[in-house]
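Chemist: Got input-v3.pdb for you, PDB, C-alpha atoms:
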MODEL        1
ATOM      1  CA  MET A   1      98.037  95.644 127.101  1.00  0.00           C
ATOM      2  CA  ARG A   2      99.393  97.984 124.449  1.00  0.00           C
ATOM      3  CA  ILE A   3      97.616  98.721 121.187  1.00  0.00           C
ATOM      4  CA  ASN A   4     100.247  96.915 119.095  1.00  0.00           C
ATOM      5  CA  GLU A   5      99.790  93.793 121.217  1.00  0.00           C
ATOM      6  CA  LYS A   6      96.043  93.936 120.610  1.00  0.00           C
ATOM      7  CA  HIS A   7      96.656  94.280 116.865  1.00  0.00           C
ATOM      8  CA  ASN A   8      98.921  91.229 116.969  1.00  0.00           C
ATOM      9  CA  ILE A   9      96.338  89.144 118.840  1.00  0.00           C
ATOM     10  CA  CYS A  10      93.523  90.194 116.501  1.00  0.00           C
ATOM     11  CA  GLY A  11      95.691  89.535 113.445  1.00  0.00           C
ATOM     12  CA  GLU A  12      96.730  86.082 114.663  1.00  0.00           C
ATOM     13  CA  ARG A  13      93.127  85.119 115.278  1.00  0.00           C
ATOM     14  CA  LEU A  14      92.099  86.354 111.849  1.00  0.00           C
ATOM     15  CA  ARG A  15      94.882  84.361 110.180  1.00  0.00           C
ATOM     16  CA  LYS A  16      93.993  81.155 112.057  1.00  0.00           C
ATOM     17  CA  ILE A  17      90.287  81.433 111.287  1.00  0.00           C
ATOM     18  CA  ARG A  18      90.936  82.313 107.641  1.00  0.00           C
ATOM     19  CA  LYS A  19      93.261  79.341 107.185  1.00  0.00           C
ATOM     20  CA  ARG A  20      90.888  76.996 109.018  1.00  0.00           C
ATOM     21  CA  ARG A  21      88.187  77.999 106.521  1.00  0.00           C
ATOM     22  CA  GLY A  22      90.556  77.365 103.615  1.00  0.00           C
ATOM     23  CA  LEU A  23      90.589  80.963 102.399  1.00  0.00           C
ATOM     24  CA  SER A  24      93.571  82.808 101.001  1.00  0.00           C
ATOM     25  CA  GLN A  25      94.092  86.463 101.803  1.00  0.00           C
ATOM     26  CA  GLU A  26      92.945  87.230  98.260  1.00  0.00           C
ATOM     27  CA  ASP A  27      89.748  85.210  98.787  1.00  0.00           C
ATOM     28  CA  LEU A  28      88.964  87.049 102.014  1.00  0.00           C
ATOM     29  CA  ALA A  29      89.663  90.440 100.426  1.00  0.00           C
ATOM     30  CA  ALA A  30      87.302  89.561  97.561  1.00  0.00           C
ATOM     31  CA  LYS A  31      84.534  88.551  99.998  1.00  0.00           C
ATOM     32  CA  LEU A  32      84.959  91.824 101.891  1.00  0.00           C
ATOM     33  CA  GLN A  33      84.937  93.823  98.658  1.00  0.00           C
ATOM     34  CA  LEU A  34      81.614  92.201  97.717  1.00  0.00           C
ATOM     35  CA  ARG A  35      80.287  93.563 101.007  1.00  0.00           C
ATOM     36  CA  GLY A  36      81.388  97.097 100.141  1.00  0.00           C
ATOM     37  CA  LEU A  37      84.666  97.269 102.068  1.00  0.00           C
ATOM     38  CA  ASP A  38      87.647  98.445 100.055  1.00  0.00           C
ATOM     39  CA  LEU A  39      90.296  96.026 101.344  1.00  0.00           C
ATOM     40  CA  THR A  40      93.081  94.405  99.361  1.00  0.00           C
ATOM     41  CA  GLN A  41      95.194  91.324 100.017  1.00  0.00           C
ATOM     42  CA  LYS A  42      97.931  93.677 101.193  1.00  0.00           C
ATOM     43  CA  ALA A  43      95.585  95.227 103.780  1.00  0.00           C
ATOM     44  CA  ILE A  44      94.627  91.755 105.053  1.00  0.00           C
ATOM     45  CA  SER A  45      98.321  90.913 105.340  1.00  0.00           C
ATOM     46  CA  ARG A  46      99.002  94.087 107.338  1.00  0.00           C
ATOM     47  CA  ILE A  47      96.170  93.241 109.737  1.00  0.00           C
ATOM     48  CA  GLU A  48      97.367  89.654 110.178  1.00  0.00           C
ATOM     49  CA  THR A  49     100.916  90.781 110.944  1.00  0.00           C
ATOM     50  CA  GLY A  50      99.722  93.356 113.489  1.00  0.00           C
ATOM     51  CA  LYS A  51     100.843  96.369 111.484  1.00  0.00           C
ATOM     52  CA  LYS A  52      97.278  97.604 111.170  1.00  0.00           C
ATOM     53  CA  GLY A  53      94.222  97.289 113.383  1.00  0.00           C
ATOM     54  CA  CYS A  54      90.624  96.408 112.540  1.00  0.00           C
ATOM     55  CA  SER A  55      87.753  98.851 112.511  1.00  0.00           C
ATOM     56  CA  VAL A  56      84.473  97.911 114.150  1.00  0.00           C
ATOM     57  CA  ASP A  57      82.860  97.739 110.693  1.00  0.00           C
ATOM     58  CA  LEU A  58      85.515  95.295 109.529  1.00  0.00           C
ATOM     59  CA  LEU A  59      85.098  93.132 112.625  1.00  0.00           C
ATOM     60  CA  ILE A  60      81.348  92.964 112.036  1.00  0.00           C
ATOM     61  CA  GLN A  61      81.841  91.951 108.400  1.00  0.00           C
ATOM     62  CA  LEU A  62      84.416  89.327 109.378  1.00  0.00           C
ATOM     63  CA  SER A  63      82.072  87.864 111.982  1.00  0.00           C
ATOM     64  CA  GLU A  64      79.367  87.548 109.332  1.00  0.00           C
ATOM     65  CA  ILE A  65      81.729  85.859 106.866  1.00  0.00           C
ATOM     66  CA  PHE A  66      83.109  83.396 109.410  1.00  0.00           C
TER      67      PHE A  66
ENDMDL
END
Translate the structure described by the file into structure tokens.
Modeler:
Amino acid sequence: MRINEKHNICGERLRKIRKRRGLSQEDLAAKLQLRGLDLTQKAISRIETGKKGCSVDLLIQLSEIF
């Protein structure tokens, strides 16, 4: 599996979980910013579309939020 494919899979999962929880990309970015991560709605969008990957720190924070 190529890296871009992994980014796409991770992004799709993030989008589905975020929507299931009723959060907008802005809401999620705000929650992450409260935890000290400097992410914007645009960064969340790039992750969800597979254009950007997730760091381990981000994955840990996401797991704690969800």
Chemist: Could the centre and edge lengths of an axis-aligned box, enclosing all atoms of region 42-61 of chain A in the file with 8 Å extra on each side, be given in Å to one decimal as JSON?
Modeler:
{"center_x": 91.1, "center_y": 94.3, "center_z": 107.7, "size_x": 35.6, "size_y": 25.2, "size_z": 29.0}
Chemist: Would you write out, as a list in words, every residue that the PyMOL selection byres ((chain A and resi 65) around 12) captures in this file?
Modeler: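 Taken on the displayed file, the PyMOL selection byres ((chain A and resi 65) around 12) yields the residues Leu14, Ile17, Arg18, Arg21, Leu23, Asp27, Leu28, Ala29, Ala30, Lys31, Leu32, Gln33, Leu34, Arg35, Leu58, Leu59, Ile60, Gln61, Leu62, Ser63, Glu64 and Phe66 of chain A.
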Chemist: Write the residues of the selection above to a file with C-alpha atoms, as a tab-separated table (two decimals), in the frame of the given file.
Modeler:
chain	number	residue	atom	x	y	z
A	14	LEU	CA	92.10	86.35	111.85
A	17	ILE	CA	90.29	81.43	111.29
A	18	ARG	CA	90.94	82.31	107.64
A	21	ARG	CA	88.19	78.00	106.52
A	23	LEU	CA	90.59	80.96	102.40
A	27	ASP	CA	89.75	85.21	98.79
A	28	LEU	CA	88.96	87.05	102.01
A	29	ALA	CA	89.66	90.44	100.43
A	30	ALA	CA	87.30	89.56	97.56
A	31	LYS	CA	84.53	88.55	100.00
A	32	LEU	CA	84.96	91.82	101.89
A	33	GLN	CA	84.94	93.82	98.66
A	34	LEU	CA	81.61	92.20	97.72
A	35	ARG	CA	80.29	93.56	101.01
A	58	LEU	CA	85.52	95.30	109.53
A	59	LEU	CA	85.10	93.13	112.62
A	60	ILE	CA	81.35	92.96	112.04
A	61	GLN	CA	81.84	91.95	108.40
A	62	LEU	CA	84.42	89.33	109.38
A	63	SER	CA	82.07	87.86	111.98
A	64	GLU	CA	79.37	87.55	109.33
A	66	PHE	CA	83.11	83.40	109.41
Chemist: Using the chain letters and residue numbers of this document, give as a list in words the residues selected by the PyMOL selection byres ((chain A and resi 38-49) around 7).
Modeler: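 With the shown file as input, the PyMOL selection byres ((chain A and resi 38-49) around 7) matches Asn8, Gly11, Glu12, Leu14, Arg15, Gln25, Glu26, Ala29, Leu32, Gln33, Gly36, Leu37, Gly50, Lys51, Lys52, Gly53 and Cys54 of chain A.
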